[in-house]
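Text of the file query.csv, holding CSV, C-alpha atoms and all ligand atoms:
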chain,number,residue,atom,x,y,z
A,189,LEU,CA,14.6,0.0,-14.5
A,190,ARG,CA,17.3,-2.7,-14.6
A,191,SER,CA,17.0,-3.4,-10.9
A,192,ARG,CA,13.3,-3.5,-11.2
A,193,ALA,CA,13.4,-6.1,-13.9
A,194,LEU,CA,16.0,-8.0,-11.9
A,195,ARG,CA,13.8,-8.0,-8.9
A,196,ALA,CA,10.8,-9.3,-10.9
A,197,SER,CA,13.1,-12.0,-12.3
A,198,ILE,CA,13.8,-13.1,-8.8
A,199,LEU,CA,10.2,-12.7,-7.6
A,200,LYS,CA,8.6,-14.7,-10.4
A,201,PRO,CA,10.3,-18.1,-9.8
A,202,PHE,CA,9.6,-17.6,-6.1
A,203,LEU,CA,5.9,-17.0,-6.6
A,204,GLN,CA,5.7,-19.8,-9.1
A,205,SER,CA,7.2,-22.2,-6.6
A,206,GLN,CA,4.3,-21.1,-4.3
A,207,GLY,CA,1.9,-22.1,-7.0
A,208,LEU,CA,1.2,-18.6,-8.2
A,209,ASN,CA,1.6,-18.2,-12.0
A,210,VAL,CA,-1.0,-15.5,-12.7
A,211,LEU,CA,-1.9,-12.6,-10.5
A,212,PRO,CA,-5.7,-12.5,-10.2
A,213,ASN,CA,-5.6,-8.9,-9.0
A,214,LEU,CA,-3.0,-6.2,-9.3
A,215,ILE,CA,-3.8,-3.5,-6.7
A,216,LEU,CA,-2.6,0.0,-7.3
A,217,THR,CA,-3.1,1.7,-3.9
A,218,HIS,CA,-2.3,5.2,-5.1
A,219,GLY,CA,-0.5,7.2,-7.7
A,220,ASP,CA,3.0,7.7,-6.3
A,221,ALA,CA,5.9,6.6,-8.5
A,222,ASP,CA,7.3,4.1,-6.0
A,223,HIS,CA,3.9,2.3,-6.0
A,224,VAL,CA,2.9,2.3,-9.6
A,225,GLY,CA,6.3,2.9,-11.4
A,226,GLY,CA,6.8,-0.9,-11.8
A,227,PHE,CA,3.5,-1.4,-13.4
A,228,GLU,CA,4.9,-2.4,-16.9
A,229,VAL,CA,7.3,-4.9,-15.4
A,230,VAL,CA,4.7,-6.5,-13.1
A,231,ALA,CA,2.2,-6.6,-16.0
A,232,ASN,CA,4.8,-8.3,-18.3
A,233,TYR,CA,5.9,-10.9,-15.7
A,234,PHE,CA,2.6,-11.8,-14.0
A,235,ALA,CA,-0.2,-11.1,-16.5
A,236,PRO,CA,-2.7,-9.7,-14.0
A,237,LYS,CA,-6.3,-10.6,-14.7
A,238,GLN,CA,-7.6,-7.4,-13.3
A,239,ILE,CA,-6.3,-4.0,-12.1
A,240,VAL,CA,-7.9,-2.8,-8.8
A,241,THR,CA,-7.6,0.8,-7.9
A,242,SER,CA,-9.4,3.4,-5.9
A,243,VAL,CA,-12.4,5.6,-7.0
A,244,VAL,CA,-10.5,8.8,-6.6
A,245,PRO,CA,-8.2,10.0,-9.4
A,246,PHE,CA,-4.5,10.5,-9.2
A,247,ARG,CA,-2.5,13.1,-11.2
A,248,SER,CA,0.8,11.2,-11.2
A,249,PRO,CA,2.1,10.5,-14.8
A,250,PHE,CA,3.1,7.0,-13.7
A,251,TYR,CA,-0.5,6.3,-12.6
A,252,ARG,CA,-2.0,7.8,-15.8
A,253,LYS,CA,0.5,5.7,-17.9
A,254,ALA,CA,-0.7,2.5,-16.1
A,255,MET,CA,-4.4,3.4,-16.6
A,256,GLU,CA,-3.7,4.0,-20.3
A,257,ALA,CA,-1.7,0.7,-20.7
A,258,ALA,CA,-4.4,-1.4,-19.0
A,259,PRO,CA,-6.9,-1.3,-21.9
A,260,ARG,CA,-4.1,-1.7,-24.5
A,261,ARG,CA,-3.3,-4.9,-22.6
A,262,SER,CA,-7.0,-5.9,-22.4
A,263,ILE,CA,-6.8,-5.8,-18.6
A,264,PRO,CA,-10.0,-4.6,-17.0
A,265,VAL,CA,-9.7,-1.8,-14.4
A,266,VAL,CA,-12.0,-2.0,-11.3
A,267,GLN,CA,-12.3,1.1,-9.2
A,268,LEU,CA,-13.4,0.3,-5.6
A,269,ALA,CA,-14.8,2.6,-2.9
A,270,ALA,CA,-14.9,2.0,0.9
A,271,GLY,CA,-17.2,-0.9,1.6
A,272,GLU,CA,-16.5,-2.8,-1.6
A,273,ARG,CA,-14.5,-6.0,-1.8
A,274,VAL,CA,-11.8,-7.6,-3.9
A,275,SER,CA,-11.1,-11.3,-3.3
A,276,ASP,CA,-10.9,-11.7,0.6
A,277,TRP,CA,-10.1,-8.0,1.2
A,278,THR,CA,-12.5,-5.2,2.1
A,279,VAL,CA,-11.8,-1.6,1.1
A,280,LEU,CA,-12.0,0.7,4.2
A,281,TYR,CA,-10.9,3.9,2.6
A,282,PRO,CA,-11.3,6.2,0.5
A,283,THR,CA,-14.8,7.0,-0.8
A,284,ALA,CA,-15.3,9.1,-3.9
A,285,GLU,CA,-15.6,12.2,-1.7
A,286,ASP,CA,-12.1,11.7,-0.2
A,287,ASN,CA,-10.5,13.4,-3.1
A,288,LEU,CA,-7.7,15.1,-1.1
A,289,PRO,CA,-4.8,16.9,-2.8
A,290,GLN,CA,-2.0,14.6,-1.6
A,291,ALA,CA,-1.9,11.1,-3.2
A,292,ASP,CA,-0.9,9.6,0.1
A,293,ASP,CA,-4.0,10.9,1.8
A,294,LYS,CA,-6.2,8.9,-0.5
A,295,ALA,CA,-4.2,5.7,-0.6
A,296,LEU,CA,-6.4,2.6,-0.7
A,297,VAL,CA,-6.7,0.9,2.8
A,298,LEU,CA,-7.6,-2.7,2.8
A,299,ALA,CA,-8.5,-5.2,5.6
A,300,THR,CA,-8.8,-9.0,5.7
A,301,THR,CA,-8.6,-11.9,8.0
A,302,LEU,CA,-5.7,-14.4,7.3
A,303,LYS,CA,-6.0,-17.6,9.3
A,304,GLY,CA,-7.9,-15.9,12.1
A,305,THR,CA,-5.6,-12.9,12.2
A,306,ARG,CA,-7.1,-9.5,11.3
A,307,VAL,CA,-4.8,-7.6,8.9
A,308,LEU,CA,-5.0,-4.0,8.0
A,309,LEU,CA,-3.0,-2.7,5.1
A,310,LEU,CA,-2.5,1.1,5.2
A,311,GLY,CA,0.0,1.6,2.4
A,312,ASP,CA,1.4,5.1,2.5
A,313,LEU,CA,-1.7,6.6,4.1
A,314,GLY,CA,-0.9,10.2,5.1
A,315,PRO,CA,-2.2,12.1,8.2
A,316,LEU,CA,-5.4,13.5,6.6
A,317,GLY,CA,-6.3,10.1,5.3
A,318,GLN,CA,-5.6,8.6,8.8
A,319,LYS,CA,-7.8,11.3,10.4
A,320,ALA,CA,-10.7,10.4,8.0
A,321,LEU,CA,-10.2,6.7,8.8
A,322,VAL,CA,-10.3,7.4,12.6
A,323,GLU,CA,-13.4,9.5,12.3
A,324,ARG,CA,-15.3,6.9,10.4
A,325,ARG,CA,-14.3,3.5,11.6
A,326,ALA,CA,-15.6,1.8,14.6
A,327,GLY,CA,-12.8,0.4,16.7
A,328,CYS,CA,-11.2,-2.6,15.1
A,329,SER,CA,-8.7,-4.7,16.9
A,330,CYS,CA,-6.1,-5.6,14.4
A,331,ARG,CA,-3.2,-8.0,15.0
A,332,HIS,CA,-1.1,-6.8,12.1
A,333,ARG,CA,-0.9,-3.5,10.4
A,334,GLY,CA,1.3,-2.9,7.5
A,335,GLU,CA,2.2,0.6,6.6
A,336,SER,CA,4.8,2.3,4.5
A,337,ILE,CA,5.9,5.8,4.9
A,338,PRO,CA,4.0,8.7,3.4
A,339,SER,CA,6.1,11.4,1.7
A,340,GLN,CA,4.7,14.1,4.0
A,341,GLY,CA,3.7,13.8,7.6
A,342,GLU,CA,3.7,11.0,10.1
A,343,PRO,CA,2.5,7.4,9.4
A,344,LEU,CA,0.6,5.6,12.2
A,345,THR,CA,-0.4,8.7,14.1
A,346,GLU,CA,-1.4,8.2,17.7
A,347,PRO,CA,-5.2,8.8,17.3
A,348,LEU,CA,-5.2,6.0,14.6
A,349,LEU,CA,-3.2,3.6,16.8
A,350,GLU,CA,-5.5,4.4,19.8
A,351,LYS,CA,-8.5,3.5,17.6
A,352,ILE,CA,-7.2,0.2,16.2
A,353,HIS,CA,-5.0,-1.1,19.0
A,354,PRO,CA,-2.7,-3.2,16.8
A,355,ARG,CA,-1.0,-6.2,18.5
A,356,GLU,CA,1.8,-6.2,15.9
A,357,ILE,CA,3.0,-3.5,13.5
A,358,ILE,CA,4.8,-4.1,10.2
A,359,VAL,CA,6.4,-1.0,8.7
A,360,VAL,CA,7.8,-1.0,5.2
A,361,ASP,CA,11.0,1.0,5.3
A,362,ALA,CA,12.7,2.2,2.1
A,363,THR,CA,16.2,3.5,1.6
A,364,TYR,CA,15.0,5.6,-1.3
A,365,PRO,CA,13.3,8.0,-1.7
A,366,VAL,CA,14.6,9.7,1.4
A,367,SER,CA,11.0,10.7,2.3
A,368,ALA,CA,10.1,7.0,2.6
A,369,ARG,CA,12.8,6.3,5.3
A,370,VAL,CA,11.7,5.5,8.8
A,371,ARG,CA,12.8,8.4,11.0
A,372,PRO,CA,14.2,7.7,14.4
A,373,PRO,CA,11.3,9.5,16.3
A,374,LEU,CA,8.8,7.1,14.6
A,375,ARG,CA,10.8,4.1,15.8
A,376,GLU,CA,10.9,5.5,19.4
A,377,ARG,CA,7.2,6.4,19.4
A,378,LEU,CA,6.2,2.9,18.1
A,379,ALA,CA,8.6,1.2,20.6
A,380,ARG,CA,6.7,3.0,23.4
A,381,ARG,CA,3.5,1.1,22.5
A,382,GLY,CA,5.0,-2.1,23.8
A,383,VAL,CA,3.9,-4.3,20.9
A,384,PRO,CA,6.2,-6.0,18.4
A,385,VAL,CA,7.2,-3.7,15.6
A,386,PHE,CA,8.8,-5.1,12.5
A,387,PHE,CA,10.6,-3.0,10.0
A,388,HIS,CA,10.7,-4.6,6.6
A,389,GLU,CA,13.3,-2.9,4.5
A,390,ARG,CA,12.5,-2.3,0.9
A,391,SER,CA,15.7,-1.4,-1.0
A,392,GLY,CA,15.6,1.6,-3.3
A,393,GLY,CA,16.8,2.2,-6.8
A,394,ASP,CA,13.5,1.5,-8.5
A,395,HIS,CA,12.3,5.1,-8.9
A,396,ASP,CA,13.9,5.9,-12.2
B,1,ZN,ZN,2.9,7.4,-1.5

Please go through the file and, once you have read it, give me the structure as structure tokens.
Ligand SMILES: [Zn+2]
Amino acid sequence: LRSRALRASILKPFLQSQGLNVLPNLILTHGDADHVGGFEVVANYFAPKQIVTSVVPFRSPFYRKAMEAAPRRSIPVVQLAAGERVSDWTVLYPTAEDNLPQADDKALVLATTLKGTRVLLLGDLGPLGQKALVERRAGCSCRHRGESIPSQGEPLTEPLLEKIHPREIIVVDATYPVSARVRPPLRERLARRGVPVFFHERSGGDHD
């Protein structure tokens, strides 16, 4: 918790220097602790105007705590399904029917265009979620894709990569939990695609 507060204390002046004092939207992609565990700290520091989350429920106690805290803080919660929009981002996945058992398989997937570059944000999307996305989406040529590592199964499976043909890949790596580390076979497999792959390391210690 200390490191989390510390990180927020570094992040806040940086975002303020970029002209961002209030977060219009705080997006909770899914219920895993390493994605919603910092909710209180972020809510304290950045006073989000709205919480955006998916239409499917998550059992994680961290997620439930965040959902209970939002009305106490008078922050509205908006639940979005595929096809709906938040700010400049469109939700691609999931729908209310994608209520899979693993939290990673129903992580919110968002797409936008930033200065002419199509960006797809996959979060921790697990293999079953990726499969659903492949089956439904028409081919979309994405320059950047950001993905962190699901706790079970491979991120960025080959059928998904074949479908979206990314021209750059950004992988969020974590030193903790161990399940979120990028494994060497993934690095090798992505390297074989011949497109730039960036590993953005997210340090651990915030899962207490
Ligand atoms: Zn996750």

Practice prompt. Identify, counting all atoms listed in the file, the protein, DNA and RNA residues located within 12 Å of ligand ZN 1 (chain B), and give them as a ChimeraX atom specification.
Written response: /A:216-225,246,248,251,290-296,310-315,317,335-341,343,360,362,365,367-368

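By chain and then residue number, the residues within 10 Å of Thr283 of chain A are Ser242, Val243, Val244, Leu268, Ala269, Ala270, Gly271, Glu272, Lys294 and Leu296 of chain A, counting all atoms listed in the file and disregarding those fewer than 5 positions away in sequence.
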
Response to the item:
Of A:Val240, A:Val210, A:Leu348, A:Ile358, the one sitting nearest Ser275 of chain A when using only C-alpha atoms is A:Val240

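Here atom CA of Asn213 of chain A and atom CA of Gln238 of chain A stand 5.0 Å from one another.
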
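Proximity to Arg252 of chain A was assessed for A:Ile198, A:Leu214, A:Val370, A:Phe227 counting only C-alpha atoms; the smallest distance is recorded for A:Phe227.
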
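With all atoms listed in the file as the basis for measurement, A:Ala235 is the residue among A:Ala235, A:Leu308, A:Ile263, A:Ile357 that approaches Asn209 of chain A most closely.
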
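With distances restricted to only C-alpha atoms, A:Arg375 is the closest residue to Asp361 of chain A from A:Arg381, A:Thr278, A:Asn287, A:Arg375.
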
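Pairwise distance (atom CA of Tyr233 of chain A, atom CA of Leu199 of chain A) equals 9.3 Å.
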
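The two atoms in question, atom CA of Val322 of chain A and atom CA of Glu346 of chain A, are spaced 10.3 Å apart.
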
Practice prompt. Kindly indicate which residue among A:Tyr281, A:Phe250, A:Phe234, A:Phe387 lies nearest to Glu323 of chain A, using only C-alpha atoms for the distances.
Written response: A:Tyr281

Using only the atoms of segment 207-221 of chain A listed in the file, plus 3 Å on each side, state the axis-aligned box centre and edge lengths in Å rounded to one decimal, as JSON.
{"center_x": 0.1, "center_y": -7.2, "center_z": -8.3, "size_x": 17.6, "size_y": 35.8, "size_z": 14.8}

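Each of A:Leu378, A:Ala257, A:Leu321, A:Ala299 was compared to Pro282 of chain A using only C-alpha atoms, and A:Leu321 turns out to be the nearest.
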
Got a minute to add N, CA, C and O atoms to segment 227-252 of chain A and dump it as an mmCIF file, keeping the file's coordinate frame?
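That gives us part05.cif:
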data_model
loop_
_atom_site.group_PDB
_atom_site.id
_atom_site.type_symbol
_atom_site.label_atom_id
_atom_site.label_comp_id
_atom_site.auth_asym_id
_atom_site.auth_seq_id
_atom_site.Cartn_x
_atom_site.Cartn_y
_atom_site.Cartn_z
ATOM 1 N N PHE A 227 4.663 -0.823 -12.832
ATOM 2 C CA PHE A 227 3.500 -1.400 -13.400
ATOM 3 C C PHE A 227 3.807 -2.293 -14.665
ATOM 4 O O PHE A 227 3.376 -3.444 -14.753
ATOM 5 N N GLU A 228 4.585 -1.720 -15.610
ATOM 6 C CA GLU A 228 4.900 -2.400 -16.900
ATOM 7 C C GLU A 228 5.569 -3.767 -16.593
ATOM 8 O O GLU A 228 5.226 -4.795 -17.186
ATOM 9 N N VAL A 229 6.560 -3.717 -15.695
ATOM 10 C CA VAL A 229 7.300 -4.900 -15.400
ATOM 11 C C VAL A 229 6.436 -5.991 -14.771
ATOM 12 O O VAL A 229 6.437 -7.151 -15.181
ATOM 13 N N VAL A 230 5.625 -5.579 -13.811
ATOM 14 C CA VAL A 230 4.700 -6.500 -13.100
ATOM 15 C C VAL A 230 3.720 -7.089 -14.151
ATOM 16 O O VAL A 230 3.456 -8.291 -14.189
ATOM 17 N N ALA A 231 3.186 -6.200 -15.014
ATOM 18 C CA ALA A 231 2.200 -6.600 -16.000
ATOM 19 C C ALA A 231 2.854 -7.630 -16.987
ATOM 20 O O ALA A 231 2.235 -8.619 -17.369
ATOM 21 N N ASN A 232 4.105 -7.380 -17.369
ATOM 22 C CA ASN A 232 4.800 -8.300 -18.300
ATOM 23 C C ASN A 232 5.049 -9.649 -17.646
ATOM 24 O O ASN A 232 4.877 -10.679 -18.276
ATOM 25 N N TYR A 233 5.478 -9.643 -16.400
ATOM 26 C CA TYR A 233 5.900 -10.900 -15.700
ATOM 27 C C TYR A 233 4.696 -11.703 -15.237
ATOM 28 O O TYR A 233 4.732 -12.915 -15.239
ATOM 29 N N PHE A 234 3.672 -11.016 -14.731
ATOM 30 C CA PHE A 234 2.600 -11.800 -14.000
ATOM 31 C C PHE A 234 1.254 -11.738 -14.628
ATOM 32 O O PHE A 234 0.323 -12.304 -14.082
ATOM 33 N N ALA A 235 1.107 -11.100 -15.799
ATOM 34 C CA ALA A 235 -0.200 -11.100 -16.500
ATOM 35 C C ALA A 235 -1.375 -10.956 -15.595
ATOM 36 O O ALA A 235 -2.186 -11.879 -15.476
ATOM 37 N N PRO A 236 -1.517 -9.839 -14.899
ATOM 38 C CA PRO A 236 -2.700 -9.700 -14.000
ATOM 39 C C PRO A 236 -3.997 -9.782 -14.732
ATOM 40 O O PRO A 236 -4.117 -9.311 -15.853
ATOM 41 N N LYS A 237 -4.975 -10.427 -14.097
ATOM 42 C CA LYS A 237 -6.300 -10.600 -14.700
ATOM 43 C C LYS A 237 -7.127 -9.341 -14.560
ATOM 44 O O LYS A 237 -8.065 -9.113 -15.317
ATOM 45 N N GLN A 238 -6.804 -8.550 -13.581
ATOM 46 C CA GLN A 238 -7.600 -7.400 -13.300
ATOM 47 C C GLN A 238 -6.761 -6.366 -12.514
ATOM 48 O O GLN A 238 -5.947 -6.750 -11.681
ATOM 49 N N ILE A 239 -6.962 -5.092 -12.820
ATOM 50 C CA ILE A 239 -6.300 -4.000 -12.100
ATOM 51 C C ILE A 239 -7.327 -3.465 -11.093
ATOM 52 O O ILE A 239 -8.439 -3.126 -11.515
ATOM 53 N N VAL A 240 -6.955 -3.377 -9.843
ATOM 54 C CA VAL A 240 -7.900 -2.800 -8.800
ATOM 55 C C VAL A 240 -7.250 -1.489 -8.367
ATOM 56 O O VAL A 240 -6.074 -1.422 -8.032
ATOM 57 N N THR A 241 -8.071 -0.456 -8.394
ATOM 58 C CA THR A 241 -7.600 0.800 -7.900
ATOM 59 C C THR A 241 -8.746 1.543 -7.210
ATOM 60 O O THR A 241 -9.839 1.010 -7.099
ATOM 61 N N SER A 242 -8.446 2.741 -6.713
ATOM 62 C CA SER A 242 -9.400 3.400 -5.900
ATOM 63 C C SER A 242 -10.359 4.287 -6.790
ATOM 64 O O SER A 242 -10.072 4.544 -7.953
ATOM 65 N N VAL A 243 -11.478 4.737 -6.222
ATOM 66 C CA VAL A 243 -12.400 5.600 -7.000
ATOM 67 C C VAL A 243 -11.941 6.983 -7.203
ATOM 68 O O VAL A 243 -12.464 7.685 -8.046
ATOM 69 N N VAL A 244 -10.963 7.411 -6.405
ATOM 70 C CA VAL A 244 -10.500 8.800 -6.600
ATOM 71 C C VAL A 244 -9.356 8.815 -7.615
ATOM 72 O O VAL A 244 -8.576 7.878 -7.716
ATOM 73 N N PRO A 245 -9.271 9.895 -8.389
ATOM 74 C CA PRO A 245 -8.200 10.000 -9.400
ATOM 75 C C PRO A 245 -6.876 10.398 -8.865
ATOM 76 O O PRO A 245 -6.810 11.019 -7.813
ATOM 77 N N PHE A 246 -5.803 10.056 -9.566
ATOM 78 C CA PHE A 246 -4.500 10.500 -9.200
ATOM 79 C C PHE A 246 -3.819 11.186 -10.394
ATOM 80 O O PHE A 246 -3.979 10.753 -11.522
ATOM 81 N N ARG A 247 -3.095 12.267 -10.118
ATOM 82 C CA ARG A 247 -2.500 13.100 -11.200
ATOM 83 C C ARG A 247 -1.163 12.507 -11.675
ATOM 84 O O ARG A 247 -0.682 12.911 -12.713
ATOM 85 N N SER A 248 -0.554 11.628 -10.923
ATOM 86 C CA SER A 248 0.800 11.200 -11.200
ATOM 87 C C SER A 248 0.884 10.622 -12.674
ATOM 88 O O SER A 248 0.049 9.833 -13.096
ATOM 89 N N PRO A 249 1.920 11.042 -13.431
ATOM 90 C CA PRO A 249 2.100 10.500 -14.800
ATOM 91 C C PRO A 249 2.257 9.013 -14.830
ATOM 92 O O PRO A 249 1.842 8.352 -15.791
ATOM 93 N N PHE A 250 2.860 8.448 -13.780
ATOM 94 C CA PHE A 250 3.100 7.000 -13.700
ATOM 95 C C PHE A 250 1.715 6.278 -13.626
ATOM 96 O O PHE A 250 1.474 5.261 -14.257
ATOM 97 N N TYR A 251 0.853 6.875 -12.822
ATOM 98 C CA TYR A 251 -0.500 6.300 -12.600
ATOM 99 C C TYR A 251 -1.272 6.392 -13.939
ATOM 100 O O TYR A 251 -1.905 5.424 -14.374
ATOM 101 N N ARG A 252 -1.211 7.578 -14.557
ATOM 102 C CA ARG A 252 -2.000 7.800 -15.800
ATOM 103 C C ARG A 252 -1.452 6.802 -16.887
ATOM 104 O O ARG A 252 -2.235 6.250 -17.654
#
